[in-house]
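S.K.: Got entry-v3.pdb for you, PDB, C-alpha atoms:
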ATOM      1  CA  MET A1096       5.128   9.303 -14.675
ATOM      2  CA  LEU A1097       6.410   6.206 -12.936
ATOM      3  CA  LYS A1098       9.419   5.044 -14.888
ATOM      4  CA  ASN A1099      12.677   5.978 -13.144
ATOM      5  CA  VAL A1100      12.598   4.287  -9.717
ATOM      6  CA  VAL A1101      15.441   4.320  -7.186
ATOM      7  CA  ALA A1102      15.558   2.222  -4.012
ATOM      8  CA  VAL A1103      17.437   4.081  -1.287
ATOM      9  CA  VAL A1104      19.398   2.020   1.243
ATOM     10  CA  LEU A1105      21.347   2.803   4.407
ATOM     11  CA  GLU A1106      23.195   0.531   6.780
ATOM     12  CA  GLU A1107      22.151  -1.641   8.344
ATOM     13  CA  VAL A1108      19.914  -2.608   5.437
ATOM     14  CA  HIS A1109      16.767  -4.587   6.213
ATOM     15  CA  PRO A1110      16.681  -7.176   3.398
ATOM     16  CA  PHE A1111      12.946  -7.851   3.319
ATOM     17  CA  GLU A1112      11.972  -4.194   2.932
ATOM     18  CA  LEU A1113      14.606  -3.733   0.234
ATOM     19  CA  GLY A1114      13.254  -6.882  -1.416
ATOM     20  CA  VAL A1115       9.782  -5.332  -1.542
ATOM     21  CA  ALA A1116      11.040  -2.427  -3.660
ATOM     22  CA  CYS A1117      13.079  -4.799  -5.846
ATOM     23  CA  GLU A1118      10.154  -7.173  -6.378
ATOM     24  CA  VAL A1119       7.591  -4.505  -7.281
ATOM     25  CA  PHE A1120       9.792  -2.238  -9.406
ATOM     26  CA  GLY A1121      12.976  -4.166 -10.183
ATOM     27  CA  LEU A1122      11.574  -7.229 -11.934
ATOM     28  CA  ASP A1123      11.062  -7.096 -15.702
ATOM     29  CA  ARG A1124       7.443  -8.073 -16.402
ATOM     30  CA  THR A1125       7.149  -6.497 -19.837
ATOM     31  CA  ALA A1126       6.662  -9.958 -21.405
ATOM     32  CA  ASP A1127       3.389 -10.097 -19.450
ATOM     33  CA  GLY A1128       2.288  -6.777 -20.911
ATOM     34  CA  LEU A1129       3.129  -4.868 -17.742
ATOM     35  CA  PRO A1130       5.195  -1.663 -17.696
ATOM     36  CA  GLY A1131       8.920  -1.805 -17.055
ATOM     37  CA  TYR A1132      10.885   0.447 -14.727
ATOM     38  CA  ASP A1133      14.376   1.893 -14.898
ATOM     39  CA  PHE A1134      15.308   0.574 -11.463
ATOM     40  CA  ALA A1135      18.490   1.152  -9.443
ATOM     41  CA  LEU A1136      19.901   1.023  -5.909
ATOM     42  CA  ALA A1137      21.465   4.107  -4.380
ATOM     43  CA  GLY A1138      22.894   4.906  -0.969
ATOM     44  CA  ALA A1139      24.839   7.609   0.786
ATOM     45  CA  ARG A1140      27.868   6.122  -1.007
ATOM     46  CA  PRO A1141      28.414   3.364  -3.558
ATOM     47  CA  GLY A1142      29.829   0.055  -2.383
ATOM     48  CA  PRO A1143      28.947  -2.791  -0.007
ATOM     49  CA  HIS A1144      26.278  -2.056   2.616
ATOM     50  CA  ALA A1145      25.904  -4.337   5.636
ATOM     51  CA  THR A1146      22.498  -5.831   6.407
ATOM     52  CA  HIS A1147      21.169  -6.724   9.832
ATOM     53  CA  SER A1148      21.081 -10.352   8.660
ATOM     54  CA  GLY A1149      24.831 -10.830   8.375
ATOM     55  CA  PHE A1150      25.477 -10.346   4.656
ATOM     56  CA  ALA A1151      26.234  -7.338   2.474
ATOM     57  CA  VAL A1152      24.403  -5.701  -0.425
ATOM     58  CA  ASP A1153      26.400  -4.135  -3.250
ATOM     59  CA  VAL A1154      25.008  -0.653  -3.912
ATOM     60  CA  PRO A1155      26.265   0.723  -7.250
ATOM     61  CA  TYR A1156      25.242   4.370  -6.886
ATOM     62  CA  GLY A1157      25.448   7.293  -4.512
ATOM     63  CA  PRO A1158      22.927  10.134  -4.027
ATOM     64  CA  GLU A1159      23.529  11.449  -7.556
ATOM     65  CA  ARG A1160      21.420   8.582  -8.958
ATOM     66  CA  LEU A1161      18.288  10.178  -7.476
ATOM     67  CA  ALA A1162      18.494  13.080  -9.933
ATOM     68  CA  GLY A1163      15.483  12.876 -12.225
ATOM     69  CA  ALA A1164      13.858   9.998 -10.338
ATOM     70  CA  ASP A1165      10.092   9.668 -10.601
ATOM     71  CA  LEU A1166      10.075   7.719  -7.342
ATOM     72  CA  ALA A1167      12.558   7.188  -4.528
ATOM     73  CA  VAL A1168      11.696   4.225  -2.290
ATOM     74  CA  VAL A1169      13.443   4.664   1.067
ATOM     75  CA  THR A1170      13.787   1.185   2.479
ATOM     76  CA  ALA A1171      14.150   0.260   6.143
ATOM     77  CA  SER A1172      17.447   0.489   7.990
ATOM     78  CA  THR A1173      18.749   0.913  11.519
ATOM     79  CA  ILE A1174      17.304   4.130  12.952
ATOM     80  CA  ARG A1175      20.005   6.788  13.388
ATOM     81  CA  THR A1176      20.335  10.096  15.164
ATOM     82  CA  HIS A1177      21.738  11.717  12.021
ATOM     83  CA  TYR A1178      21.521  10.855   8.333
ATOM     84  CA  PRO A1179      23.974  11.840   5.550
ATOM     85  CA  GLU A1180      23.093  15.325   4.335
ATOM     86  CA  PRO A1181      23.882  14.689   0.621
ATOM     87  CA  LEU A1182      21.311  11.903   0.612
ATOM     88  CA  LEU A1183      18.723  14.070   2.391
ATOM     89  CA  GLU A1184      19.312  16.855  -0.116
ATOM     90  CA  ALA A1185      18.866  14.425  -2.997
ATOM     91  CA  LEU A1186      15.527  13.262  -1.547
ATOM     92  CA  ARG A1187      14.345  16.846  -1.170
ATOM     93  CA  ALA A1188      15.319  17.462  -4.793
ATOM     94  CA  VAL A1189      13.210  14.492  -5.968
ATOM     95  CA  VAL A1190      10.104  16.113  -4.486
ATOM     96  CA  ALA A1191      11.062  19.606  -5.627
ATOM     97  CA  ASP A1192      11.441  18.318  -9.192
ATOM     98  CA  GLY A1193       7.961  16.748  -9.203
ATOM     99  CA  GLY A1194       8.804  13.200  -8.170
ATOM    100  CA  ARG A1195       7.515  11.143  -5.260
ATOM    101  CA  VAL A1196       9.141   9.547  -2.236
ATOM    102  CA  LEU A1197       7.879   6.413  -0.519
ATOM    103  CA  SER A1198       9.200   5.024   2.751
ATOM    104  CA  ILE A1199       8.927   1.500   4.079
ATOM    105  CA  CYS A1200       8.927   0.966   7.848
ATOM    106  CA  SER A1201      11.802   2.909   9.479
ATOM    107  CA  GLY A1202      12.532   4.645   6.172
ATOM    108  CA  ALA A1203      10.093   7.268   7.451
ATOM    109  CA  PHE A1204      12.857   8.538   9.765
ATOM    110  CA  VAL A1205      14.999   9.370   6.736
ATOM    111  CA  LEU A1206      12.147  11.378   5.213
ATOM    112  CA  GLY A1207      11.602  13.079   8.569
ATOM    113  CA  ALA A1208      15.280  14.058   8.751
ATOM    114  CA  ALA A1209      14.952  15.514   5.238
ATOM    115  CA  GLY A1210      12.036  17.666   6.412
ATOM    116  CA  LEU A1211       9.659  15.945   4.011
ATOM    117  CA  LEU A1212       7.214  14.912   6.742
ATOM    118  CA  ASP A1213       6.734  18.439   8.082
ATOM    119  CA  GLY A1214       3.070  19.418   7.862
ATOM    120  CA  ARG A1215       2.128  16.010   6.506
ATOM    121  CA  ARG A1216       0.505  12.842   7.847
ATOM    122  CA  SER A1217       2.775   9.813   8.063
ATOM    123  CA  ALA A1218       3.092   6.192   9.133
ATOM    124  CA  THR A1219       5.791   3.808  10.276
ATOM    125  CA  HIS A1220       5.990   0.475  12.079
ATOM    126  CA  TRP A1221       3.754   0.565  15.157
ATOM    127  CA  ARG A1222       6.783  -0.078  17.377
ATOM    128  CA  HIS A1223       8.417   3.140  16.131
ATOM    129  CA  SER A1224       5.376   5.436  16.035
ATOM    130  CA  ASP A1225       6.036   7.133  19.380
ATOM    131  CA  GLU A1226       9.671   7.746  18.478
ATOM    132  CA  LEU A1227       8.691   9.228  15.116
ATOM    133  CA  VAL A1228       6.321  11.636  16.895
ATOM    134  CA  GLU A1229       9.045  12.609  19.355
ATOM    135  CA  ARG A1230      11.720  13.104  16.697
ATOM    136  CA  PHE A1231       9.535  14.927  14.189
ATOM    137  CA  PRO A1232       6.703  16.732  16.003
ATOM    138  CA  ARG A1233       5.608  18.592  12.850
ATOM    139  CA  THR A1234       4.206  15.413  11.327
ATOM    140  CA  VAL A1235       0.927  13.766  12.315
ATOM    141  CA  VAL A1236       1.690  10.070  12.761
ATOM    142  CA  GLU A1237      -1.173   7.652  12.124
ATOM    143  CA  PRO A1238      -0.179   4.547  14.084
ATOM    144  CA  ASP A1239      -2.967   2.195  12.989
ATOM    145  CA  VAL A1240      -2.825   2.339   9.175
ATOM    146  CA  LEU A1241      -0.926   0.295   6.623
ATOM    147  CA  TYR A1242       0.195   3.380   4.705
ATOM    148  CA  VAL A1243      -0.461   7.100   4.336
ATOM    149  CA  ASP A1244      -0.572   8.816   0.959
ATOM    150  CA  ASP A1245       0.090  12.521   1.490
ATOM    151  CA  ASP A1246       1.158  13.052  -2.091
ATOM    152  CA  PRO A1247       3.995  13.375  -3.071
ATOM    153  CA  VAL A1248       5.092  11.655   0.163
ATOM    154  CA  ILE A1249       3.873   8.118   0.867
ATOM    155  CA  THR A1250       4.848   6.395   4.112
ATOM    156  CA  SER A1251       4.086   2.830   5.078
ATOM    157  CA  ALA A1252       3.999   0.797   8.246
ATOM    158  CA  GLY A1253       6.181  -2.180   9.061
ATOM    159  CA  THR A1254       7.602  -4.752   6.680
ATOM    160  CA  ALA A1255       4.831  -6.206   4.470
ATOM    161  CA  ALA A1256       2.889  -2.923   4.568
ATOM    162  CA  GLY A1257       5.493  -1.705   2.093
ATOM    163  CA  ILE A1258       3.904  -4.025  -0.457
ATOM    164  CA  ASP A1259       0.541  -2.352   0.148
ATOM    165  CA  ALA A1260       2.025   1.120  -0.290
ATOM    166  CA  CYS A1261       3.917   0.240  -3.471
ATOM    167  CA  LEU A1262       0.894  -1.431  -5.071
ATOM    168  CA  HIS A1263      -1.266   1.512  -4.017
ATOM    169  CA  LEU A1264       1.054   3.889  -5.843
ATOM    170  CA  VAL A1265       1.125   1.676  -8.947
ATOM    171  CA  ARG A1266      -2.669   1.500  -8.874
ATOM    172  CA  LYS A1267      -2.923   5.270  -8.471
ATOM    173  CA  VAL A1268      -0.529   6.154 -11.287
ATOM    174  CA  GLN A1269      -0.847   3.216 -13.692
ATOM    175  CA  GLY A1270      -4.267   1.752 -12.963
ATOM    176  CA  ALA A1271      -5.823  -1.175 -11.129
ATOM    177  CA  GLU A1272      -5.094  -3.728 -13.859
ATOM    178  CA  VAL A1273      -1.343  -3.064 -13.702
ATOM    179  CA  ALA A1274      -1.365  -3.300  -9.904
ATOM    180  CA  LEU A1275      -3.360  -6.517 -10.130
ATOM    181  CA  GLY A1276      -0.904  -7.982 -12.638
ATOM    182  CA  ILE A1277       2.061  -7.254 -10.374
ATOM    183  CA  ALA A1278       0.209  -8.586  -7.329
ATOM    184  CA  ARG A1279      -0.710 -11.761  -9.194
ATOM    185  CA  ARG A1280       2.936 -12.392 -10.067
ATOM    186  CA  MET A1281       3.916 -11.727  -6.441
ATOM    187  CA  VAL A1282       1.082 -13.972  -5.186
ATOM    188  CA  VAL A1283      -0.189 -11.272  -2.814
ATOM    189  CA  ALA A1284      -3.500  -9.483  -2.355
ATOM    190  CA  PRO A1285      -3.692  -6.446  -4.675
ATOM    191  CA  HIS A1286      -5.341  -4.472  -1.889
ATOM    192  CA  ARG A1287      -5.751  -5.065   1.830
ATOM    193  CA  GLU A1288      -8.333  -3.348   3.978
ATOM    194  CA  GLY A1289      -7.690  -2.536   7.612
ATOM    195  CA  GLY A1290      -4.551  -1.376   9.337
ATOM    196  CA  GLN A1291      -1.601  -2.522  11.363
ATOM    197  CA  ALA A1292      -3.570  -2.232  14.611
ATOM    198  CA  GLN A1293      -4.810  -5.744  13.912
ATOM    199  CA  PHE A1294      -1.223  -7.001  14.321
ATOM    200  CA  VAL A1295      -0.470  -5.342  17.661
ATOM    201  CA  ASN A1296      -0.741  -8.020  20.363
ATOM    202  CA  ARG A1297      -3.290  -9.647  18.076
ATOM    203  CA  PRO A1298      -5.196 -12.550  19.649
ATOM    204  CA  LEU A1299      -5.669 -15.716  17.651
ATOM    205  CA  PRO A1300      -9.160 -16.080  16.189
ATOM    206  CA  GLU A1301     -11.454 -18.070  18.423
ATOM    207  CA  GLY A1302     -11.855 -21.675  17.327
ATOM    208  CA  GLY A1303      -9.036 -21.550  14.771
ATOM    209  CA  ASP A1304     -11.272 -21.475  11.643
ATOM    210  CA  SER A1305     -10.283 -18.761   9.200
ATOM    211  CA  LEU A1306     -12.783 -16.545   7.413
ATOM    212  CA  ALA A1307     -10.706 -16.825   4.217
ATOM    213  CA  PRO A1308     -13.307 -18.960   2.370
ATOM    214  CA  LEU A1309     -15.985 -16.393   3.149
ATOM    215  CA  LEU A1310     -13.752 -13.509   2.013
ATOM    216  CA  ASP A1311     -13.146 -15.371  -1.223
ATOM    217  CA  TRP A1312     -16.901 -15.823  -1.703
ATOM    218  CA  MET A1313     -17.468 -12.107  -1.050
ATOM    219  CA  ARG A1314     -14.869 -11.176  -3.671
ATOM    220  CA  HIS A1315     -16.583 -13.345  -6.288
ATOM    221  CA  HIS A1316     -20.140 -12.289  -5.376
ATOM    222  CA  PRO A1317     -19.960  -8.529  -4.757
ATOM    223  CA  ASP A1318     -23.555  -8.075  -5.873
ATOM    224  CA  GLN A1319     -24.985 -10.527  -3.325
ATOM    225  CA  GLY A1320     -26.652  -9.607  -0.046
ATOM    226  CA  ALA A1321     -23.932  -8.929   2.491
ATOM    227  CA  SER A1322     -25.415  -7.680   5.740
ATOM    228  CA  VAL A1323     -23.700  -8.798   8.916
ATOM    229  CA  GLU A1324     -26.634 -11.107   9.600
ATOM    230  CA  GLN A1325     -26.474 -12.731   6.135
ATOM    231  CA  LEU A1326     -22.711 -13.190   6.255
ATOM    232  CA  ALA A1327     -22.806 -14.535   9.808
ATOM    233  CA  ALA A1328     -25.375 -17.119   8.742
ATOM    234  CA  ARG A1329     -23.053 -18.346   5.965
ATOM    235  CA  VAL A1330     -20.369 -19.232   8.529
ATOM    236  CA  HIS A1331     -22.845 -20.376  11.215
ATOM    237  CA  MET A1332     -22.020 -17.663  13.743
ATOM    238  CA  SER A1333     -24.038 -15.166  15.659
ATOM    239  CA  PRO A1334     -23.837 -11.642  14.157
ATOM    240  CA  ARG A1335     -21.979 -10.362  17.205
ATOM    241  CA  THR A1336     -19.354 -13.127  17.132
ATOM    242  CA  PHE A1337     -18.988 -12.773  13.377
ATOM    243  CA  ALA A1338     -18.431  -9.001  13.547
ATOM    244  CA  ARG A1339     -15.757  -9.475  16.213
ATOM    245  CA  ARG A1340     -14.008 -12.230  14.242
ATOM    246  CA  PHE A1341     -14.126 -10.212  11.031
ATOM    247  CA  GLN A1342     -12.472  -7.267  12.765
ATOM    248  CA  GLN A1343      -9.791  -9.570  14.179
ATOM    249  CA  GLU A1344      -8.927 -11.085  10.819
ATOM    250  CA  THR A1345      -9.185  -8.054   8.546
ATOM    251  CA  GLY A1346      -8.814  -5.027  10.791
ATOM    252  CA  THR A1347     -12.027  -3.488   9.471
ATOM    253  CA  THR A1348     -15.783  -4.017   9.242
ATOM    254  CA  PRO A1349     -17.546  -6.289   6.729
ATOM    255  CA  HIS A1350     -19.178  -3.287   5.049
ATOM    256  CA  ARG A1351     -15.948  -1.336   4.631
ATOM    257  CA  TRP A1352     -14.078  -4.410   3.393
ATOM    258  CA  LEU A1353     -16.736  -5.207   0.816
ATOM    259  CA  VAL A1354     -16.945  -1.605  -0.405
ATOM    260  CA  GLY A1355     -13.200  -1.725  -1.008
ATOM    261  CA  GLN A1356     -13.541  -4.896  -3.074
ATOM    262  CA  ARG A1357     -16.411  -3.393  -5.048
ATOM    263  CA  VAL A1358     -14.380  -0.275  -5.863
ATOM    264  CA  LEU A1359     -11.463  -2.443  -7.001
ATOM    265  CA  LEU A1360     -13.761  -4.385  -9.325
ATOM    266  CA  ALA A1361     -15.224  -1.133 -10.652
ATOM    267  CA  GLN A1362     -11.705   0.107 -11.436
ATOM    268  CA  ARG A1363     -10.939  -3.027 -13.432
ATOM    269  CA  LEU A1364     -14.209  -2.847 -15.368
ATOM    270  CA  LEU A1365     -13.710   0.838 -16.146
ATOM    271  CA  GLU A1366     -10.257   0.030 -17.477
ATOM    272  CA  SER A1367     -11.112  -3.074 -19.490
ATOM    273  CA  THR A1368     -14.701  -2.648 -20.741
ATOM    274  CA  THR A1369     -16.934  -0.058 -22.398
ATOM    275  CA  GLU A1370     -19.909  -0.849 -20.157
ATOM    276  CA  SER A1371     -21.875   2.103 -18.849
ATOM    277  CA  VAL A1372     -21.318   3.367 -15.330
ATOM    278  CA  ASP A1373     -24.830   2.156 -14.443
ATOM    279  CA  ALA A1374     -24.053  -1.367 -15.660
ATOM    280  CA  ILE A1375     -20.758  -1.432 -13.780
ATOM    281  CA  ALA A1376     -22.473  -0.190 -10.626
ATOM    282  CA  ALA A1377     -24.931  -3.077 -10.847
ATOM    283  CA  ARG A1378     -22.209  -5.682 -11.486
ATOM    284  CA  CYS A1379     -20.193  -4.430  -8.523
ATOM    285  CA  GLY A1380     -23.110  -4.444  -6.094
ATOM    286  CA  PHE A1381     -23.555  -0.676  -5.728
ATOM    287  CA  GLY A1382     -27.020  -0.787  -7.258
ATOM    288  CA  ASN A1383     -26.848   2.527  -9.097
ATOM    289  CA  ALA A1384     -24.367   4.963 -10.579
ATOM    290  CA  ALA A1385     -24.868   7.527  -7.814
ATOM    291  CA  ALA A1386     -23.747   5.072  -5.143
ATOM    292  CA  LEU A1387     -20.755   4.047  -7.254
ATOM    293  CA  ARG A1388     -19.731   7.678  -7.773
ATOM    294  CA  HIS A1389     -20.035   8.335  -4.044
ATOM    295  CA  HIS A1390     -17.819   5.466  -2.928
ATOM    296  CA  PHE A1391     -15.435   5.845  -5.863
ATOM    297  CA  GLY A1392     -14.903   9.493  -4.989
ATOM    298  CA  ARG A1393     -14.367   8.788  -1.294
ATOM    299  CA  ARG A1394     -11.820   6.047  -2.009
ATOM    300  CA  LEU A1395      -9.962   7.460  -5.005
ATOM    301  CA  GLY A1396     -10.703  11.176  -5.059
ATOM    302  CA  THR A1397     -12.013  11.102  -8.626
ATOM    303  CA  THR A1398     -15.084  10.089 -10.638
ATOM    304  CA  PRO A1399     -15.614   6.840 -12.560
ATOM    305  CA  LEU A1400     -15.663   8.681 -15.900
ATOM    306  CA  ALA A1401     -12.470  10.602 -15.111
ATOM    307  CA  TYR A1402     -10.814   7.343 -14.097
ATOM    308  CA  ARG A1403     -11.913   5.700 -17.377
ATOM    309  CA  ARG A1404     -10.547   8.618 -19.420
ATOM    310  CA  CYS A1405      -7.174   8.158 -17.708
ATOM    311  CA  PHE A1406      -6.884   4.354 -17.648
ATOM    312  CA  GLY A1407      -9.551   2.925 -19.922
ATOM    313  CA  GLY A1408      -8.480   0.702 -22.773
ATOM    314  CA  GLY A1409     -11.915  -0.541 -23.753
TER
END
Can the structure from this file be put into structure tokens for me?

M.R.:
Amino acid sequence: MLKNVVAVVLEEVHPFELGVACEVFGLDRTADGLPGYDFALAGARPGPHATHSGFAVDVPYGPERLAGADLAVVTASTIRTHYPEPLLEALRAVVADGGRVLSICSGAFVLGAAGLLDGRRSATHWRHSDELVERFPRTVVEPDVLYVDDDPVITSAGTAAGIDACLHLVRKVQGAEVALGIARRMVVAPHREGGQAQFVNRPLPEGGDSLAPLLDWMRHHPDQGASVEQLAARVHMSPRTFARRFQQETGTTPHRWLVGQRVLLAQRLLESTTESVDAIAARCGFGNAAALRHHFGRRLGTTPLAYRRCFGGG
């Protein structure tokens, strides 16, 4: 279930991270055929909450609003030494009752204070990773990823990585087509490969020419030859220069990036068509059903047929 969604805020509220939760789950898109959410804001207390940008946010609910939530999105705020215990208890109750919690940026510190990161992998903004390790040594912090899904706890890196984590959860629970529909309305990529390491003291690409046109071609031709040599030739680079540039711009390798795009396409075809797994494998560039099952399982932890039974509309 992903219906009752609560965004959790603490002073000083970071408006962008709160906006991510509001944009993904708080906007009514039912006229577009997308699911609606019962969305609300809750804090340690109801009332105005100061932001770090000089204005206030009116929060209508206290911790009691988290009762029965399917998802609590803990947005970013000023990192504290201590967090209000009633709010921490409410977050623990969400997980105990079968719901999920998702943190954006420094929201991971709230989950850590609630004990929800103990024995789990986690992520936060790269600038706060060392502090998260020091404060909560029972979690394994992954400093280079955009998000970590250690169900029922999802933690994301800084700022825009919250979009990736939220869309990942929508895709996981409600299917790729729903996630794509929300991403299309938000005018963002439905899935990004790579991690936040690409943004740490990131050098500008040499020459200033973006690989965006090539990435767009790869998305629309997943069944075409895509070795490093072939792709480098399309942008008139040596394979070595191309591989380095690709890593700079995407944070991953050409092969891994393309496999991710192929799996996304396979998800959409499994949801929206009755084509056989073999036919879908060919359309997506995997060549055969065995290769599709292998990569599908590694990425999503399930099989194509199981995914179709869950999300397929035909």

S.K.: Using only C-alpha atoms, which of the listed residues (A:Ala1171, A:Ala1208, A:Ala1338, A:Leu1364) sits closest to Val1108 of chain A?

M.R.: A:Ala1171

S.K.: Quick one: of A:Thr1173, A:Leu1326, A:Asp1318, A:Gly1380, who's nearest to His1223 of chain A, counting all atoms listed in the file?

M.R.: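 Checking each candidate against His1223 of chain A, we get A:Thr1173 as the closest.
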
S.K.: Might you pull out every residue within 10 Å of Gln1362 of chain A, with all atoms listed in the file counted and same-chain residues fewer than 5 positions away left off, and present them as a tab-separated table (two decimals) with C-alpha atoms, in the frame of the given file?

M.R.:
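Contents of out-v3.tsv, as written:
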chain	number	residue	atom	x	y	z
A	1266	ARG	CA	-2.67	1.50	-8.87
A	1270	GLY	CA	-4.27	1.75	-12.96
A	1271	ALA	CA	-5.82	-1.18	-11.13
A	1272	GLU	CA	-5.09	-3.73	-13.86
A	1356	GLN	CA	-13.54	-4.90	-3.07
A	1357	ARG	CA	-16.41	-3.39	-5.05
A	1367	SER	CA	-11.11	-3.07	-19.49
A	1375	ILE	CA	-20.76	-1.43	-13.78
A	1391	PHE	CA	-15.44	5.84	-5.86
A	1395	LEU	CA	-9.96	7.46	-5.00
A	1399	PRO	CA	-15.61	6.84	-12.56
A	1402	TYR	CA	-10.81	7.34	-14.10
A	1403	ARG	CA	-11.91	5.70	-17.38
A	1406	PHE	CA	-6.88	4.35	-17.65
A	1407	GLY	CA	-9.55	2.92	-19.92

S.K.: What residues have an atom no more than 12 Å from (16.0, 13.5, 6.7) in the file's own frame, counting only C-alpha atoms, and can you write them as an NGL selection string?

M.R.: :A and (1169 or 1174-1187 or 1196 or 1198 or 1201-1213 or 1227 or 1230-1231)

S.K.: Tell me which of A:Arg1314, A:Arg1363, A:Lys1098, A:Arg1394 sits closest to Gly1276 of chain A, counting all atoms listed in the file.

M.R.: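 Comparing A:Arg1314, A:Arg1363, A:Lys1098, A:Arg1394 against Gly1276 of chain A, the winner is A:Arg1363.
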
S.K.: Which residues are close to His1389 of chain A, i.e. within 12 Å by only C-alpha atoms, leaving aside same-chain residues fewer than 5 positions away? Reply as a list in words.

M.R.: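 The residues that qualify are Val1354, Val1358, Ala1376, Phe1381, Gly1382, Asn1383, Ala1384, Arg1394, Leu1395, Gly1396, Thr1397, Thr1398 and Pro1399 of chain A.
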
S.K.: By how many Å are atom CA of Val1119 of chain A and atom CA of Gly1131 of chain A apart?

M.R.: 10.2 Å

S.K.: Between A:Ala1135, A:Val1248, A:Val1240, A:Ala1278, single out the one closest to Leu1262 of chain A, counting all atoms listed in the file.

M.R.: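 Between A:Ala1135, A:Val1248, A:Val1240, A:Ala1278, the residue approaching Leu1262 of chain A most closely is A:Ala1278.
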
S.K.: I'd like the neighbourhood of Gly1193 of chain A as a ChimeraX atom specification, where a residue qualifies if any of its atoms comes within 12 Å (using all atoms listed in the file), though same-chain residues fewer than 2 positions away should be ignored.

M.R.: /A:1096-1097,1162-1167,1186-1191,1195-1196,1246-1248

S.K.: Which of these, A:Leu1387, A:Leu1161, A:Val1265, A:Val1152, has the shortest distance to Gly1194 of chain A once you count all atoms listed in the file?

M.R.: A:Leu1161

S.K.: Using all atoms listed in the file, pick whichever of A:Thr1348, A:Thr1369, A:Ser1305, A:Ser1217 has the shortest atom-to-atom distance to Asp1244 of chain A.

M.R.: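 The closest residue to Asp1244 of chain A is A:Ser1217.
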
S.K.: At what distance in Å, to one decimal, does atom CA of Val1243 of chain A lie from atom CA of Glu1226 of chain A?

M.R.: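 These two atoms are separated by 17.4 Å.
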
S.K.: Taking 5 positions as the minimum chain separation for residues in the same chain, which residues sit within 9 Å of Ala1116 of chain A when counting all atoms listed in the file? Answer as a list of chain:residue names.

M.R.: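 In the requested form, the answer reads A:Val1101, A:Ala1102, A:Gly1121, A:Val1168, A:Val1169, A:Thr1170, A:Ile1199, A:Gly1257, A:Ile1258, A:Cys1261.
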
S.K.: Mind pulling up the distance from atom CA of Leu1197 of chain A to atom CA of Val1115 of chain A?

M.R.: 11.9 Å
